[in-house]
$ cat target.txt   # compact mmCIF, C-alpha atoms and all ligand atoms
# COMPACT_ATOMS: atom_id res chain seq x y z
CA MET U 34 55.53 157.50 24.63
CA CYS U 35 57.22 157.67 21.34
CA GLY U 36 57.50 155.75 18.07
CA ILE U 37 57.86 152.12 17.03
CA VAL U 38 58.30 150.71 13.52
CA GLY U 39 59.13 147.15 12.42
CA ALA U 40 59.21 145.13 9.21
CA ILE U 41 59.58 141.56 7.94
CA THR U 42 59.96 141.36 4.16
CA SER U 43 62.09 139.76 1.46
CA ARG U 44 63.81 143.11 0.79
CA ASN U 45 66.23 145.09 2.94
CA VAL U 46 64.17 146.86 5.62
CA THR U 47 66.63 149.61 6.59
CA ASN U 48 65.03 152.35 4.47
CA ILE U 49 61.51 151.30 5.47
CA LEU U 50 62.46 151.67 9.14
CA ILE U 51 64.19 155.04 8.70
CA GLU U 52 61.34 156.40 6.58
CA GLY U 53 58.86 155.13 9.19
CA LEU U 54 60.73 156.88 12.01
CA LYS U 55 60.84 160.11 9.98
CA ARG U 56 57.07 159.98 9.62
CA LEU U 57 56.79 159.78 13.42
CA GLU U 58 59.09 162.74 14.08
CA TYR U 59 56.12 165.04 14.62
CA ARG U 60 55.71 163.36 18.04
CA GLY U 61 58.99 164.69 19.46
CA TYR U 62 61.78 162.44 20.75
CA ASP U 63 65.35 162.59 22.05
CA SER U 64 67.09 159.63 20.39
CA ALA U 65 66.55 156.95 17.77
CA GLY U 66 67.73 153.44 16.96
CA VAL U 67 67.29 150.31 14.85
CA ALA U 68 68.07 146.60 15.26
CA LEU U 69 68.18 144.26 12.27
CA ILE U 70 69.00 140.60 11.85
CA ASN U 71 71.40 140.26 8.91
CA GLN U 72 72.07 137.45 6.40
CA GLU U 73 74.61 135.88 8.79
CA ASN U 74 71.86 135.77 11.41
CA SER U 75 73.51 138.24 13.73
CA LEU U 76 71.95 141.22 15.41
CA GLN U 77 73.05 144.64 14.16
CA VAL U 78 72.16 147.62 16.32
CA SER U 79 72.59 151.28 15.47
CA LYS U 80 71.53 154.03 17.89
CA THR U 81 72.12 157.72 18.34
CA ILE U 82 71.02 160.67 20.37
CA GLY U 83 69.31 163.39 18.34
CA LYS U 84 67.46 163.31 15.06
CA VAL U 85 66.43 160.40 12.85
CA GLN U 86 68.60 162.01 10.17
CA ALA U 87 71.61 161.51 12.49
CA LEU U 88 70.69 157.81 12.65
CA ALA U 89 70.35 157.71 8.85
CA ASP U 90 73.82 159.30 8.55
CA LEU U 91 75.27 156.79 11.01
CA ILE U 92 73.80 153.92 8.97
CA GLN U 93 75.19 155.49 5.81
CA GLU U 94 78.67 155.38 7.40
CA SER U 95 78.33 151.91 8.96
CA PRO U 96 75.57 150.16 7.02
CA VAL U 97 73.18 147.70 8.66
CA SER U 98 70.89 145.51 6.58
CA GLY U 99 68.47 142.63 6.87
CA HIS U 100 64.98 141.41 6.03
CA LEU U 101 63.80 141.75 9.61
CA GLY U 102 64.12 144.81 11.84
CA ILE U 103 62.68 147.04 14.52
CA ALA U 104 63.17 150.77 15.11
CA HIS U 105 62.34 153.35 17.76
CA THR U 106 62.28 157.01 18.61
CA ARG U 107 62.60 157.45 22.38
CA TRP U 108 61.12 160.03 24.71
CA ALA U 109 63.10 159.33 27.89
CA THR U 110 61.12 158.59 31.03
CA HIS U 111 63.77 156.59 32.97
CA GLY U 112 67.38 157.48 32.36
CA LYS U 113 68.68 160.56 30.57
CA PRO U 114 68.55 160.95 26.79
CA SER U 115 71.71 159.15 25.63
CA THR U 116 72.85 156.65 23.03
CA THR U 117 73.14 153.90 25.67
CA ASN U 118 69.63 154.53 26.98
CA ALA U 119 68.18 154.70 23.45
CA HIS U 120 66.26 151.68 22.16
CA PRO U 121 66.52 148.92 20.93
CA HIS U 122 67.71 147.21 24.11
CA CYS U 123 69.23 143.75 23.77
CA SER U 124 69.97 140.59 25.70
CA HIS U 125 72.97 138.35 24.93
CA GLU U 126 73.16 139.54 21.29
CA LYS U 127 70.09 137.38 20.67
CA ILE U 128 67.01 139.37 21.64
CA ALA U 129 66.37 143.00 20.60
CA LEU U 130 63.37 144.98 21.79
CA VAL U 131 61.79 148.42 21.47
CA HIS U 132 59.25 149.77 23.95
CA ASN U 133 56.84 152.64 24.22
CA GLY U 134 55.62 153.36 27.73
CA ILE U 135 56.83 152.70 31.27
CA ILE U 136 57.48 149.48 33.21
CA GLU U 137 56.48 150.70 36.68
CA ASN U 138 57.92 147.70 38.57
CA TYR U 139 61.22 147.62 36.67
CA LYS U 140 63.34 148.11 39.80
CA ALA U 141 62.17 144.85 41.40
CA LEU U 142 62.54 142.98 38.09
CA LYS U 143 66.02 144.45 37.56
CA ALA U 144 67.15 143.46 41.08
CA GLU U 145 65.95 139.88 40.47
CA LEU U 146 67.77 139.69 37.10
CA ILE U 147 71.01 141.17 38.51
CA GLU U 148 70.84 138.56 41.28
CA GLN U 149 70.74 135.91 38.54
CA GLY U 150 73.80 137.38 36.80
CA TYR U 151 72.19 139.55 34.09
CA GLU U 152 74.20 142.64 33.18
CA PHE U 153 72.55 145.99 32.59
CA LEU U 154 74.09 148.65 30.37
CA SER U 155 71.47 151.38 30.57
CA GLU U 156 69.32 153.28 33.07
CA SER U 157 66.16 152.66 31.03
CA ASP U 158 63.26 150.74 32.60
CA THR U 159 62.94 148.99 29.23
CA GLU U 160 66.15 146.96 29.56
CA VAL U 161 64.50 144.45 31.91
CA LEU U 162 62.25 143.29 29.04
CA PRO U 163 64.79 141.71 26.66
CA HIS U 164 66.47 139.98 29.63
CA LEU U 165 63.14 138.60 30.90
CA ILE U 166 62.35 137.30 27.40
CA TYR U 167 65.86 135.84 26.99
CA ARG U 168 65.44 133.94 30.26
CA GLU U 169 62.24 132.32 28.95
CA VAL U 170 63.77 131.55 25.53
CA GLU U 171 66.76 129.89 27.23
CA ALA U 172 64.28 127.79 29.21
CA GLY U 173 63.03 126.42 25.87
CA LYS U 174 60.13 128.69 24.91
CA SER U 175 59.49 130.12 21.46
CA LEU U 176 59.75 133.91 21.21
CA PHE U 177 55.95 134.17 21.01
CA ASP U 178 55.47 132.03 24.14
CA ALA U 179 58.30 133.81 25.94
CA VAL U 180 56.68 137.23 25.39
CA GLN U 181 53.31 135.90 26.56
CA SER U 182 54.85 134.40 29.68
CA ILE U 183 56.49 137.65 30.87
CA ILE U 184 53.33 139.75 30.51
CA PRO U 185 51.79 138.80 33.89
CA LYS U 186 54.99 140.06 35.56
CA LEU U 187 54.70 143.58 34.08
CA GLU U 188 53.07 146.59 35.71
CA GLY U 189 52.65 149.74 33.65
CA ALA U 190 52.02 150.61 30.05
CA TYR U 191 53.73 149.12 27.07
CA GLY U 192 53.76 148.64 23.36
CA ILE U 193 56.68 146.35 22.51
CA ALA U 194 58.23 144.81 19.41
CA VAL U 195 60.80 142.02 19.76
CA ILE U 196 63.07 140.02 17.44
CA SER U 197 65.35 137.06 18.13
CA THR U 198 68.25 135.55 16.17
CA ASP U 199 66.78 132.11 17.04
CA GLU U 200 63.70 132.94 14.92
CA PRO U 201 64.90 135.35 12.23
CA ASP U 202 61.64 135.16 10.27
CA ARG U 203 59.27 136.79 12.73
CA LEU U 204 58.43 139.77 14.89
CA VAL U 205 56.52 139.49 18.14
CA VAL U 206 54.53 142.47 19.38
CA ALA U 207 52.39 143.12 22.45
CA ARG U 208 50.36 146.01 23.72
CA SER U 209 48.79 147.19 26.95
CA GLY U 210 48.02 150.87 27.41
CA SER U 211 50.05 151.94 24.39
CA PRO U 212 48.89 151.71 20.75
CA LEU U 213 50.29 149.21 18.25
CA LEU U 214 49.11 148.05 14.86
CA ILE U 215 50.09 145.67 12.10
CA GLY U 216 50.49 146.93 8.53
CA VAL U 217 49.42 144.15 6.20
CA GLY U 218 51.36 143.77 2.95
CA ILE U 219 51.66 141.17 0.20
CA ASP U 220 54.23 138.59 1.32
CA GLU U 221 55.52 141.17 3.79
CA ASN U 222 54.17 142.64 6.99
CA PHE U 223 54.94 145.62 9.19
CA ILE U 224 54.23 146.88 12.67
CA ALA U 225 54.06 150.40 14.10
CA SER U 226 52.71 152.50 16.93
CA ASP U 227 50.95 154.78 14.42
CA PHE U 228 49.72 153.97 10.89
CA LEU U 229 51.41 157.13 9.56
CA ALA U 230 54.77 155.36 9.95
CA LEU U 231 53.72 152.75 7.38
CA ARG U 232 51.69 154.63 4.83
CA GLN U 233 54.54 154.40 2.31
CA VAL U 234 54.35 150.58 2.39
CA THR U 235 50.69 149.67 2.93
CA ASP U 236 47.19 151.06 3.37
CA ARG U 237 45.81 148.02 5.23
CA PHE U 238 46.00 147.95 9.02
CA MET U 239 45.05 145.63 11.84
CA TYR U 240 44.70 147.53 15.12
CA LEU U 241 45.77 145.50 18.13
CA GLU U 242 43.54 145.59 21.20
CA GLU U 243 44.50 145.77 24.87
CA GLY U 244 46.29 142.58 25.94
CA ASP U 245 46.95 141.34 22.38
CA VAL U 246 50.20 139.52 21.64
CA ALA U 247 50.88 138.95 17.94
CA GLU U 248 53.39 136.91 15.98
CA VAL U 249 54.04 138.40 12.56
CA THR U 250 55.90 136.67 9.72
CA ALA U 251 56.05 137.80 6.09
CA GLU U 252 53.10 135.53 5.24
CA SER U 253 51.13 135.20 8.47
CA ILE U 254 49.72 137.03 11.46
CA ARG U 255 48.43 135.25 14.55
CA ILE U 256 47.16 136.92 17.67
CA GLN U 257 46.40 135.75 21.19
CA ASN U 258 44.66 137.58 23.99
CA SER U 259 44.60 136.05 27.50
CA GLY U 260 45.62 132.69 26.04
CA GLU U 261 42.81 132.62 23.41
CA TRP U 262 43.33 132.94 19.66
CA VAL U 263 41.63 136.07 18.36
CA GLU U 264 41.01 137.69 14.96
CA ARG U 265 41.36 141.41 14.31
CA GLU U 266 39.78 142.93 11.23
CA ILE U 267 41.80 144.63 8.51
CA ASN U 268 40.94 148.32 7.94
CA GLN U 269 41.76 150.05 4.68
CA VAL U 270 42.93 153.64 5.15
CA SER U 271 42.06 156.03 2.34
CA ALA U 272 44.71 158.28 0.82
CA LYS U 273 42.84 161.24 2.30
CA GLN U 274 42.88 159.86 5.85
CA ALA U 275 46.57 159.22 5.43
CA ASP U 276 47.30 162.75 4.24
CA SER U 277 49.81 163.64 6.93
CA ASP U 278 52.66 165.19 4.97
CA LYS U 279 53.66 168.76 5.75
CA GLY U 280 53.28 169.34 2.00
CA GLU U 281 54.50 172.79 0.98
CA PHE U 282 54.24 174.07 4.58
CA LYS U 283 57.17 174.56 6.92
CA HIS U 284 55.37 173.28 10.03
CA TYR U 285 52.37 171.05 10.76
CA MET U 286 50.78 173.91 12.71
CA LEU U 287 50.95 176.17 9.64
CA LYS U 288 49.45 173.40 7.53
CA GLU U 289 46.60 173.00 10.03
CA ILE U 290 45.89 176.75 10.01
CA TYR U 291 45.73 176.89 6.21
CA GLU U 292 43.62 173.73 6.07
CA GLN U 293 40.91 175.16 8.35
CA PRO U 294 38.64 176.56 5.56
CA LEU U 295 38.76 173.23 3.72
CA VAL U 296 38.10 171.22 6.88
CA ILE U 297 35.10 173.45 7.78
CA LYS U 298 33.77 173.17 4.21
CA GLU U 299 34.07 169.37 4.25
CA THR U 300 32.47 169.09 7.69
CA LEU U 301 29.53 171.31 6.75
CA SER U 302 29.03 169.65 3.38
CA ALA U 303 27.52 166.67 5.19
CA TYR U 304 24.66 168.97 6.34
CA LEU U 305 24.27 171.24 3.32
CA ASN U 306 22.67 170.80 -0.07
CA GLU U 307 23.85 173.68 -2.26
CA ASN U 308 22.85 176.59 0.00
CA THR U 309 20.12 174.92 2.03
CA LEU U 310 20.25 172.76 5.09
CA LEU U 311 19.56 169.07 4.55
N1 LIG U 401 60.36 154.25 29.43
C1 LIG U 401 61.18 153.97 28.29
C2 LIG U 401 62.51 154.69 28.40
O1 LIG U 401 62.63 155.69 29.09
C3 LIG U 401 60.49 154.22 26.97
C4 LIG U 401 60.19 155.68 26.68
C5 LIG U 401 59.37 155.89 25.39
O2 LIG U 401 58.15 155.58 25.40
O3 LIG U 401 59.93 156.37 24.39
O4 LIG U 401 63.46 154.24 27.81

$ encode --input "target.txt" --output "structure tokens"
Amino acid sequence: MCGIVGAITSRNVTNILIEGLKRLEYRGYDSAGVALINQENSLQVSKTIGKVQALADLIQESPVSGHLGIAHTRWATHGKPSTTNAHPHCSHEKIALVHNGIIENYKALKAELIEQGYEFLSESDTEVLPHLIYREVEAGKSLFDAVQSIIPKLEGAYGIAVISTDEPDRLVVARSGSPLLIGVGIDENFIASDFLALRQVTDRFMYLEEGDVAEVTAESIRIQNSGEWVEREINQVSAKQADSDKGEFKHYMLKEIYEQPLVIKETLSAYLNENTLL
């Protein structure tokens, strides 16, 4: 399972997404991609095998921009590491989706969709998801309702983030067996699989629980779980908790080794008063 980042703001989100993916690089991945909805309300997708920097370079050459976007670093489980298999996956240039996890029953879902005329470009299990959502949207559902209605069909683990050109002011996210959270901003909101991806834009986070489906606009967040509206509390992360940079060190492992004395001192300080035990 790899990384997810998303943003809905009044500014261009490209740099927020790239920076977010860079902050998730410590997890390891084989490819990276973004999908944004631009001013003309069309979906722009940029994907590449390799490093997030390669994606940043690609975007530098052929810019993508928009106020709404999702991004992903992939760790291939189904289908080789390749640009085609990289996320986001799309349906009919309308729906774009990123996914962490595995859809165990994707073969049966794929066969059903192919039977109905859906075309698949990749070998990834994930590609069934945007098509399933598209089918519900075409039947008249909102993106939020469409995502909720496909969930009972899915077996496996997922954290997903979805956007649609029909509703270019919102992100829909869902989780089951794979972490996802919402970064709460002022007149802008974000989503990610790990708060570290968003620490440059907010320090307030709402952690989604198993089975949550959330609709996130720049001004609002609403969450359902098993058809009921639910509230999730906002947690403030201190600068210290968020201290994840490599700093002056070349590797995270080196940083951890050098931080050991400080960590031991801080842990013991809870039980020590000067030189005596509390
Ligand atoms: N199973 C998906 C794929 O292979 C997602 C992998 C991931 O979590 O990055 O495309």

$ residues_near_ligand --input "target.txt" --ligand "ligand LIG 401 (chain U)" --cutoff "7 Å" --atoms "only C-alpha atoms and all ligand atoms" --output "PDB file with C-alpha atoms, in the coordinates of the input"
ATOM      1  CA  MET U  34      55.530 157.500  24.630  1.00  0.00           C
ATOM      2  CA  CYS U  35      57.220 157.670  21.340  1.00  0.00           C
ATOM      3  CA  GLY U  36      57.500 155.750  18.070  1.00  0.00           C
ATOM      4  CA  THR U 106      62.280 157.010  18.610  1.00  0.00           C
ATOM      5  CA  ARG U 107      62.600 157.450  22.380  1.00  0.00           C
ATOM      6  CA  TRP U 108      61.120 160.030  24.710  1.00  0.00           C
ATOM      7  CA  ALA U 109      63.100 159.330  27.890  1.00  0.00           C
ATOM      8  CA  THR U 110      61.120 158.590  31.030  1.00  0.00           C
ATOM      9  CA  HIS U 111      63.770 156.590  32.970  1.00  0.00           C
ATOM     10  CA  GLY U 112      67.380 157.480  32.360  1.00  0.00           C
ATOM     11  CA  ASN U 118      69.630 154.530  26.980  1.00  0.00           C
ATOM     12  CA  ALA U 119      68.180 154.700  23.450  1.00  0.00           C
ATOM     13  CA  HIS U 120      66.260 151.680  22.160  1.00  0.00           C
ATOM     14  CA  HIS U 132      59.250 149.770  23.950  1.00  0.00           C
ATOM     15  CA  ASN U 133      56.840 152.640  24.220  1.00  0.00           C
ATOM     16  CA  GLY U 134      55.620 153.360  27.730  1.00  0.00           C
ATOM     17  CA  ILE U 135      56.830 152.700  31.270  1.00  0.00           C
ATOM     18  CA  ILE U 136      57.480 149.480  33.210  1.00  0.00           C
ATOM     19  CA  SER U 157      66.160 152.660  31.030  1.00  0.00           C
ATOM     20  CA  ASP U 158      63.260 150.740  32.600  1.00  0.00           C
ATOM     21  CA  THR U 159      62.940 148.990  29.230  1.00  0.00           C
TER      22      THR U 159
END

$ closest_atom_pairs --input "target.txt" --of "region 151-247 of chain U" --to "region 47-61 of chain U" --cutoff "8 Å" --atoms "all atoms listed in the file" --output "tab-separated table"
residue	atom	partner	partner_atom	distance
U:Asp227	CA	U:Leu57	CA	7.8
U:Leu229	CA	U:Arg56	CA	6.3
U:Ala230	CA	U:Gly53	CA	4.2
U:Leu231	CA	U:Gly53	CA	5.9
U:Val234	CA	U:Ile49	CA	7.8

$ write_last_selection --input "target.txt" --atoms "C-alpha atoms" --output "PDB file, in the frame of the given file"
ATOM      1  CA  ASP U 227      50.950 154.780  14.420  1.00  0.00           C
ATOM      2  CA  LEU U 229      51.410 157.130   9.560  1.00  0.00           C
ATOM      3  CA  ALA U 230      54.770 155.360   9.950  1.00  0.00           C
ATOM      4  CA  LEU U 231      53.720 152.750   7.380  1.00  0.00           C
ATOM      5  CA  VAL U 234      54.350 150.580   2.390  1.00  0.00           C
TER       6      VAL U 234
END

$ closest_residue --input "target.txt" --among "U:Thr42, U:Gln257, U:Ser79, U:Gln86" --to "Thr116 (chain U)" --atoms "all atoms listed in the file"
U:Ser79

$ atom_distance --input "target.txt" --atom1 "CA of Ser182 (chain U)" --atom2 "CA of Ala247 (chain U)"
13.2 Å

$ residues_around --input "target.txt" --residues "region 88-92 of chain U" --least-positions-apart "4" --cutoff "9 Å" --atoms "only C-alpha atoms" --output "number ranges by chain"
U: 47-48, 51, 64-67, 79-84, 96-97

$ write_last_selection --input "target.txt" --atoms "C-alpha atoms" --output "tab-separated table (two decimals), keeping the file's coordinate frame"
chain	number	residue	atom	x	y	z
U	47	THR	CA	66.63	149.61	6.59
U	48	ASN	CA	65.03	152.35	4.47
U	51	ILE	CA	64.19	155.04	8.70
U	64	SER	CA	67.09	159.63	20.39
U	65	ALA	CA	66.55	156.95	17.77
U	66	GLY	CA	67.73	153.44	16.96
U	67	VAL	CA	67.29	150.31	14.85
U	79	SER	CA	72.59	151.28	15.47
U	80	LYS	CA	71.53	154.03	17.89
U	81	THR	CA	72.12	157.72	18.34
U	82	ILE	CA	71.02	160.67	20.37
U	83	GLY	CA	69.31	163.39	18.34
U	84	LYS	CA	67.46	163.31	15.06
U	96	PRO	CA	75.57	150.16	7.02
U	97	VAL	CA	73.18	147.70	8.66

$ residues_around --input "target.txt" --residues "Ile196 (chain U)" --least-positions-apart "2" --cutoff "10 Å" --atoms "all atoms listed in the file" --output "list in words"
Gly39, Ala68, Leu69, Ile70, Leu76, Leu101, Gly102, Ile103, Cys123, Lys127, Ile128, Ala129, Leu130, Val131, Pro163, Leu176, Phe177, Ala194, Thr198, Asp199, Glu200, Pro201, Asp202, Arg203, Leu204, Val205 and Val206 of chain U

$ atom_distance --input "target.txt" --atom1 "CA of Phe223 (chain U)" --atom2 "CA of Gly244 (chain U)"
19.1 Å

$ closest_residue --input "target.txt" --among "U:Asn222, U:Ser197, U:Glu264, U:Gln72" --to "Thr250 (chain U)" --atoms "only C-alpha atoms"
U:Asn222

$ atom_distance --input "target.txt" --atom1 "CA of Leu154 (chain U)" --atom2 "CA of Glu94 (chain U)"
24.4 Å

$ closest_residue --input "target.txt" --among "U:Ser115, U:Ser209, U:Ser226, U:Thr235" --to "Glu188 (chain U)" --atoms "all atoms listed in the file"
U:Ser209

$ axis_aligned_box --input "target.txt" --around "region 155-170 of chain U" --padding-each-side "4 Å" --output "lines of an AutoDock Vina configuration file"
center_x = 66.9
center_y = 142.4
center_z = 29.3
size_x = 17.2
size_y = 29.7
size_z = 15.5

$ decode --input "target.txt" --residues "region 235-262 of chain U" --atoms "C-alpha atoms" --output "PDB file, in the first residue's frame"
ATOM      1  CA  THR U 235      -2.292  22.149   7.733  1.00  0.00           C
ATOM      2  CA  ASP U 236      -1.808  20.815  11.252  1.00  0.00           C
ATOM      3  CA  ARG U 237      -5.458  19.804  11.778  1.00  0.00           C
ATOM      4  CA  PHE U 238      -6.539  16.290  10.852  1.00  0.00           C
ATOM      5  CA  MET U 239      -9.691  14.215  10.883  1.00  0.00           C
ATOM      6  CA  TYR U 240      -8.879  10.494  10.872  1.00  0.00           C
ATOM      7  CA  LEU U 241     -11.415   8.436   8.951  1.00  0.00           C
ATOM      8  CA  GLU U 242     -12.624   5.203  10.529  1.00  0.00           C
ATOM      9  CA  GLU U 243     -13.285   1.831   8.916  1.00  0.00           C
ATOM     10  CA  GLY U 244     -16.221   2.054   6.496  1.00  0.00           C
ATOM     11  CA  ASP U 245     -16.274   5.879   6.367  1.00  0.00           C
ATOM     12  CA  VAL U 246     -17.132   7.591   3.083  1.00  0.00           C
ATOM     13  CA  ALA U 247     -16.496  11.348   3.055  1.00  0.00           C
ATOM     14  CA  GLU U 248     -17.374  14.171   0.704  1.00  0.00           C
ATOM     15  CA  VAL U 249     -14.896  17.018   0.946  1.00  0.00           C
ATOM     16  CA  THR U 250     -15.361  20.483  -0.566  1.00  0.00           C
ATOM     17  CA  ALA U 251     -13.260  23.581   0.160  1.00  0.00           C
ATOM     18  CA  GLU U 252     -15.745  24.657   2.849  1.00  0.00           C
ATOM     19  CA  SER U 253     -17.349  21.448   4.092  1.00  0.00           C
ATOM     20  CA  ILE U 254     -16.739  17.867   5.147  1.00  0.00           C
ATOM     21  CA  ARG U 255     -19.527  15.335   5.536  1.00  0.00           C
ATOM     22  CA  ILE U 256     -19.076  11.699   6.418  1.00  0.00           C
ATOM     23  CA  GLN U 257     -21.301   8.640   6.297  1.00  0.00           C
ATOM     24  CA  ASN U 258     -20.705   5.199   7.717  1.00  0.00           C
ATOM     25  CA  SER U 259     -23.133   2.360   6.875  1.00  0.00           C
ATOM     26  CA  GLY U 260     -25.679   4.907   5.667  1.00  0.00           C
ATOM     27  CA  GLU U 261     -25.579   7.009   8.890  1.00  0.00           C
ATOM     28  CA  TRP U 262     -24.132  10.516   9.151  1.00  0.00           C
TER      29      TRP U 262
END
